[in-house]
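J.: What follows is data04.txt; its format and atoms are compact mmCIF, C-alpha atoms.
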```
# COMPACT_ATOMS: atom_id res chain seq x y z
CA MET V 31 -15.51 27.40 28.92
CA LEU V 32 -15.30 27.65 32.70
CA PRO V 33 -17.96 30.18 33.73
CA THR V 34 -18.35 32.38 36.73
CA VAL V 35 -21.23 33.97 38.52
CA SER V 36 -22.18 37.11 40.37
CA LYS V 37 -23.81 37.23 43.76
CA THR V 38 -26.76 39.30 42.64
CA ARG V 39 -30.45 38.72 42.53
CA SER V 40 -31.30 36.29 39.77
CA THR V 41 -33.68 33.52 38.90
CA PRO V 42 -32.54 30.28 40.53
CA SER V 43 -30.61 27.98 38.22
CA THR V 44 -32.70 25.08 39.47
CA SER V 45 -35.96 26.51 38.19
CA ARG V 46 -35.76 24.43 35.03
CA PRO V 47 -33.02 21.86 35.72
CA ASN V 48 -33.93 19.47 32.90
CA SER V 49 -35.40 21.75 30.25
CA MET V 50 -32.06 22.39 28.56
CA PHE V 51 -30.96 18.74 28.37
CA PRO V 52 -33.27 17.56 25.55
CA GLN V 53 -32.27 20.58 23.47
CA TYR V 54 -28.60 19.83 24.21
CA LEU V 55 -29.04 16.26 22.96
CA ARG V 56 -30.91 17.35 19.82
CA ARG V 57 -28.10 19.72 18.85
CA ILE V 58 -25.57 16.85 18.85
CA VAL V 59 -26.70 15.82 15.36
CA LYS V 60 -26.93 19.38 14.03
CA TRP V 61 -23.42 20.42 13.01
CA GLN V 62 -24.64 23.70 11.56
CA GLN V 63 -25.64 24.82 15.07
CA MET V 64 -22.27 24.00 16.64
CA ASP V 65 -19.57 26.59 17.17
CA ILE V 66 -16.61 24.56 15.94
CA GLU V 67 -14.11 27.42 15.79
CA TYR V 68 -14.71 28.47 19.38
CA THR V 69 -14.52 24.85 20.53
CA PHE V 70 -11.03 24.45 19.04
CA TRP V 71 -10.06 27.77 20.62
CA GLN V 72 -11.09 26.37 24.00
CA MET V 73 -9.22 23.11 23.46
CA LEU V 74 -6.03 24.94 22.53
CA HIS V 75 -6.09 27.20 25.57
CA LEU V 76 -7.04 24.42 27.97
CA CYS V 77 -3.68 22.88 27.10
CA THR V 78 -1.65 26.09 27.09
CA ALA V 79 -3.37 28.64 29.36
CA PRO V 80 -6.36 27.20 31.24
CA LYS V 81 -6.91 30.33 33.34
CA VAL V 82 -7.32 32.26 30.12
CA VAL V 83 -10.29 30.06 29.24
CA SER V 84 -11.85 30.41 32.66
CA ILE V 85 -11.48 34.14 33.28
CA VAL V 86 -9.61 36.70 31.25
CA HIS V 87 -8.82 35.80 27.64
CA MET V 88 -10.37 37.92 24.89
CA ASN V 89 -12.18 35.54 22.58
CA TYR V 90 -13.25 36.01 19.02
CA TYR V 91 -16.70 37.18 20.07
CA GLY V 92 -15.05 40.46 20.98
CA GLY V 93 -15.19 40.12 24.76
CA CYS V 94 -13.57 38.11 27.48
CA SER V 95 -14.85 34.62 28.25
CA TYR V 96 -15.95 35.86 31.66
CA GLN V 97 -18.26 38.45 30.15
CA HIS V 98 -19.56 36.09 27.46
CA THR V 99 -20.49 33.50 30.07
CA LYS V 100 -22.12 36.10 32.27
CA TYR V 101 -24.17 37.27 29.29
CA HIS V 102 -25.07 33.63 28.56
CA LYS V 103 -26.42 33.23 32.10
CA GLN V 104 -28.41 36.44 31.95
CA THR V 105 -30.05 35.57 28.63
CA LYS V 106 -30.54 31.78 28.95
CA ASN V 107 -30.56 31.29 32.73
CA GLN V 108 -27.88 28.60 32.68
CA TRP V 109 -24.13 28.46 33.26
CA ALA V 110 -23.45 25.27 31.34
CA ARG V 111 -22.71 25.22 27.62
CA ASP V 112 -25.78 24.65 25.47
CA ASP V 113 -23.47 23.80 22.56
CA PRO V 114 -22.47 20.09 22.47
CA ALA V 115 -19.61 20.77 20.03
CA PHE V 116 -16.94 20.19 22.69
CA VAL V 117 -18.31 16.74 23.59
CA VAL V 118 -18.78 15.74 19.94
CA ILE V 119 -15.31 16.84 18.81
CA CYS V 120 -13.62 15.33 21.85
CA SER V 121 -15.43 12.02 21.20
CA LEU V 122 -14.35 12.03 17.55
CA LEU V 123 -10.74 12.76 18.45
CA LEU V 124 -10.81 10.04 21.09
CA ALA V 125 -12.19 7.55 18.56
CA VAL V 126 -9.48 8.44 16.01
CA ALA V 127 -6.73 8.07 18.63
CA THR V 128 -8.10 4.72 19.79
CA ILE V 129 -8.26 3.47 16.18
CA ALA V 130 -4.61 4.45 15.78
CA TYR V 131 -3.71 2.39 18.87
CA CYS V 132 -5.72 -0.55 17.55
CA ALA V 133 -3.94 -0.36 14.19
CA ALA V 134 -0.58 -0.52 15.94
CA TYR V 135 -1.27 -2.94 18.80
CA ASP V 136 -4.33 -5.02 17.87
CA HIS V 137 -4.76 -7.89 15.39
CA SER V 138 -8.54 -8.28 15.41
CA ALA V 139 -10.93 -5.86 13.73
CA ALA V 140 -13.82 -7.02 15.90
CA HIS V 141 -11.78 -6.52 19.06
CA ALA V 142 -10.70 -3.10 17.80
CA VAL V 143 -14.35 -2.05 17.42
CA PHE V 144 -15.02 -3.26 20.96
CA VAL V 145 -12.05 -1.26 22.27
CA VAL V 146 -13.15 1.94 20.50
CA ILE V 147 -16.70 1.66 21.86
CA SER V 148 -15.53 0.81 25.38
CA VAL V 149 -13.08 3.71 25.45
CA LEU V 150 -15.74 6.18 24.29
CA LEU V 151 -18.38 4.89 26.67
CA PHE V 152 -16.35 4.11 29.77
CA HIS V 153 -13.23 6.29 29.59
CA PHE V 154 -15.03 9.45 28.57
CA LEU V 155 -18.82 9.42 28.85
CA LEU V 156 -19.79 7.09 31.71
CA THR V 157 -16.74 7.99 33.80
CA GLY V 158 -17.50 11.63 33.09
CA VAL V 159 -21.13 11.21 34.14
CA PHE V 160 -20.02 9.54 37.38
CA LEU V 161 -17.35 12.14 38.23
CA ALA V 162 -19.60 15.06 37.26
CA THR V 163 -22.39 13.67 39.45
CA CYS V 164 -20.02 13.30 42.39
CA CYS V 165 -18.69 16.86 41.99
CA TRP V 166 -22.20 18.24 41.43
CA PHE V 167 -23.46 16.62 44.63
CA LEU V 168 -20.36 17.58 46.63
CA THR V 169 -20.38 21.24 45.61
CA ASN V 170 -24.10 21.73 46.17
CA ALA V 171 -24.23 19.79 49.43
CA TYR V 172 -21.04 20.93 51.16
CA LEU V 173 -19.15 23.71 49.33
CA ARG V 174 -21.77 26.40 48.75
CA GLU V 175 -21.58 29.55 50.82
CA GLU V 176 -24.51 30.42 53.00
CA ALA V 177 -26.65 33.23 51.57
CA PRO V 178 -25.79 36.44 53.53
CA ASN V 179 -29.47 37.41 53.72
CA SER V 180 -32.89 36.33 52.55
CA HIS V 181 -32.82 38.82 49.65
CA VAL V 182 -30.04 36.95 47.82
CA VAL V 183 -31.19 34.06 45.66
CA GLU V 184 -29.36 30.84 46.49
CA GLN V 185 -27.02 29.72 43.69
CA ARG V 186 -26.44 26.08 42.78
CA VAL V 187 -24.06 24.25 40.47
CA GLU V 188 -25.86 22.78 37.46
CA TRP V 189 -25.17 19.14 36.66
CA LEU V 190 -24.41 19.95 33.04
CA TYR V 191 -21.92 22.57 34.21
CA ALA V 192 -20.17 19.87 36.26
CA PHE V 193 -20.03 17.71 33.13
CA ASP V 194 -18.59 20.69 31.21
CA VAL V 195 -15.83 20.96 33.81
CA HIS V 196 -15.05 17.26 33.41
CA CYS V 197 -14.88 17.61 29.61
CA ASN V 198 -12.56 20.61 29.92
CA SER V 199 -10.35 18.72 32.35
CA PHE V 200 -10.36 15.56 30.25
CA PHE V 201 -9.10 17.09 27.01
CA PRO V 202 -5.49 17.94 28.08
CA MET V 203 -5.31 14.50 29.71
CA PHE V 204 -6.43 13.02 26.39
CA VAL V 205 -3.63 14.91 24.60
CA MET V 206 -1.03 13.53 27.01
CA LEU V 207 -2.27 9.96 27.47
CA TYR V 208 -3.65 9.27 24.00
CA VAL V 209 -1.73 11.48 21.58
CA ILE V 210 1.72 12.09 23.10
CA HIS V 211 1.69 8.65 24.68
CA TYR V 212 0.99 7.05 21.29
CA PHE V 213 4.11 8.49 19.69
CA VAL V 214 6.40 7.61 22.61
CA SER V 215 4.74 4.28 23.45
CA PRO V 216 7.55 2.17 21.90
CA LEU V 217 9.86 3.70 24.50
CA LEU V 218 7.40 3.61 27.40
CA VAL V 219 6.44 -0.06 27.04
CA ALA V 220 10.05 -1.24 26.99
CA HIS V 221 11.51 -3.06 29.96
CA GLY V 222 13.75 -1.24 32.39
CA PHE V 223 13.74 1.53 34.96
CA ILE V 224 13.80 4.50 32.54
CA PRO V 225 10.59 3.46 30.70
CA GLU V 226 8.88 2.86 34.05
CA LEU V 227 9.99 6.27 35.31
CA LEU V 228 8.90 8.13 32.19
CA SER V 229 5.57 6.32 31.99
CA ASN V 230 4.73 7.05 35.62
CA LEU V 231 5.75 10.70 35.23
CA LEU V 232 3.54 11.11 32.17
CA PHE V 233 0.54 9.57 33.92
CA MET V 234 1.25 11.62 37.05
CA VAL V 235 1.35 14.90 35.12
CA ALA V 236 -1.81 14.03 33.14
CA ALA V 237 -3.83 13.05 36.21
CA SER V 238 -2.59 16.05 38.20
CA TYR V 239 -3.45 18.43 35.38
CA TYR V 240 -6.94 16.95 35.20
CA HIS V 241 -7.54 17.68 38.88
CA TYR V 242 -6.03 21.16 38.56
CA LEU V 243 -8.45 22.05 35.77
CA ASN V 244 -11.26 20.52 37.78
CA PHE V 245 -10.30 22.87 40.61
CA LEU V 246 -10.26 25.88 38.28
CA GLY V 247 -13.71 25.01 37.00
CA TYR V 248 -15.25 25.31 40.46
CA ASP V 249 -12.92 27.94 41.88
CA VAL V 250 -14.27 30.55 39.46
CA LEU V 251 -17.72 30.22 41.04
CA PRO V 252 -17.78 32.81 43.86
CA PHE V 253 -20.72 31.16 45.61
CA LEU V 254 -18.52 28.13 46.34
CA GLU V 255 -15.99 27.96 49.16
CA ARG V 256 -13.21 25.54 50.12
CA THR V 257 -12.73 24.60 46.46
CA THR V 258 -9.10 23.72 47.22
CA PHE V 259 -10.63 20.36 48.14
CA PHE V 260 -10.39 19.52 44.43
CA LEU V 261 -6.59 19.86 44.63
CA TYR V 262 -6.22 17.16 47.30
CA PRO V 263 -6.06 14.27 44.77
CA ILE V 264 -2.90 15.83 43.34
CA GLY V 265 -1.18 15.29 46.69
CA VAL V 266 -2.27 11.65 46.67
CA ILE V 267 -0.93 11.22 43.13
CA ILE V 268 2.43 12.76 44.05
CA VAL V 269 2.74 10.45 47.05
CA LEU V 270 1.76 7.31 45.12
CA SER V 271 3.95 7.92 42.08
CA PRO V 272 7.35 7.21 43.75
CA ILE V 273 5.86 4.09 45.33
CA LEU V 274 4.68 2.82 41.95
CA ILE V 275 8.04 3.64 40.34
CA LEU V 276 10.03 1.84 43.04
CA SER V 277 7.70 -1.16 42.85
CA GLY V 278 8.44 -1.53 39.14
CA PHE V 279 4.90 -0.75 37.95
CA ASN V 280 4.67 0.49 34.38
CA PRO V 281 1.20 1.99 33.68
CA SER V 282 1.81 2.06 29.93
CA ARG V 283 2.51 -1.67 29.77
CA TYR V 284 -0.38 -2.38 32.13
CA PHE V 285 -3.04 -0.57 30.08
CA MET V 286 -1.69 -1.62 26.70
CA ASN V 287 -1.78 -5.29 27.71
CA MET V 288 -5.24 -4.84 29.24
CA TYR V 289 -6.82 -3.35 26.10
CA PHE V 290 -4.95 -4.74 23.11
CA SER V 291 -4.36 -8.27 21.87
CA GLN V 292 -0.69 -7.69 21.04
CA ARG V 293 1.30 -8.22 24.22
CA VAL V 294 4.03 -5.69 24.95
```
Hey, can you dump this file as structure tokens for me?
T.:
Amino acid sequence: MLPTVSKTRSTPSTSRPNSMFPQYLRRIVKWQQMDIEYTFWQMLHLCTAPKVVSIVHMNYYGGCSYQHTKYHKQTKNQWARDDPAFVVICSLLLAVATIAYCAAYDHSAAHAVFVVISVLLFHFLLTGVFLATCCWFLTNAYLREEAPNSHVVEQRVEWLYAFDVHCNSFFPMFVMLYVIHYFVSPLLVAHGFIPELLSNLLFMVAASYYHYLNFLGYDVLPFLERTTFFLYPIGVIIVLSPILILSGFNPSRYFMNMYFSQRV
């Protein structure tokens, strides 16, 4: 869920920056405490109507996501999710998709295990930690509005909220580059201009959608300004894509040959 805040007097979100993290980690192994149904609701709407998730959709709790998140902040003094269900389910889906790729394009079970672990650690978790840290630092250091007066408590973006935004942004990209790509990969890895064009377009759309959702995640925070900065990478992607297409680069063939033992 992409939360929002209100510019009213409240306890600073930095008052206990690390107190929620151990509890978050402990809940990873407690399925009975995870809200699985709501997590799948979020995943569905991130792919079909991301603004619904961030602001206005009526969820099954009986209120809009905006109000539920606001209530969550008022009661628990945090904007980030305290439910690790999204990370756990996304990791499981990513592992299943990677195993499917290994079954189709790898010949070694040991290498397949290495690929699954590396994808989970580097593609999702470590890359997510790095990107979330960069966005967390950038928003707090340069994009926060100045407090209008001394009576308004200064708001800050929580690191775990930045990681939530990354996870939200990653899931539709996972659907495009791991699920859809898997079923059309025989076409995309073929030689010729059409496979190169389609592969580049798919990667362009997936990467652009990631950055768009990243923008939405921070744009809903009214104490941030100039959040359109997070849309700038989309312009870079649009400029680079024709260059890569004309140069004959096929991202599908490149990554498949990099990760799997079967050459395509």
J.: So how far away is atom CA of V:Gln292 from atom CA of V:Ala134, in Å?
T.: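 Separation between atom CA of V:Ala134 and atom CA of V:Gln292: 8.8 Å.
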J.: Would you please work out which residue, of V:Val149, V:Ala171, V:Ile275, V:Ile268, is nearest to V:Pro225 when using all atoms listed in the file?
T.: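 Under the stated criterion, the closest residue is V:Ile275.
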J.: By how many Å are atom CA of V:Met286 and atom CA of V:Thr128 apart?
T.: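 Computing the Euclidean distance for atom CA of V:Met286 and atom CA of V:Thr128 yields 11.4 Å.
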J.: Calculate how many Å separate atom CA of V:Tyr172 from atom CA of V:Val235, rounding to one decimal.
T.: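 These atoms are spaced 28.2 Å apart.
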J.: Is it possible to get the residues within 10 Å of (-10.3, 17.1, 39.1) (coordinates as in the file, counting only C-alpha atoms) written as a PyMOL selection string?
T.: chain V and resi 161-162+165+195-196+199-200+237-248+259-264
J.: For V:Leu151, which residue out of V:Leu173, V:Leu124, V:Cys132, V:Val266 is the nearest one, using only C-alpha atoms?
T.: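 Using only C-alpha atoms, the shortest distance to V:Leu151 belongs to V:Leu124.
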J.: Rank nothing, just name the residue among V:Ala142, V:Met203, V:Leu232, V:Val250 nearest to V:Ser215, using all atoms listed in the file.
T.: V:Leu232
J.: Neighbouring residues of V:Phe201 were defined as those with any atom within 9 Å, considering all atoms listed in the file; residues of the same chain fewer than 4 positions away were excluded. Please report them as number ranges by chain.
T.: V: 73, 76-77, 120, 196-197, 205-206, 240
J.: Which one is closest to V:Phe233: V:Tyr191, V:Asn198, V:Pro281, V:Val219? Count only C-alpha atoms.
T.: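 Of the candidates, the smallest distance to V:Phe233 is held by V:Pro281.
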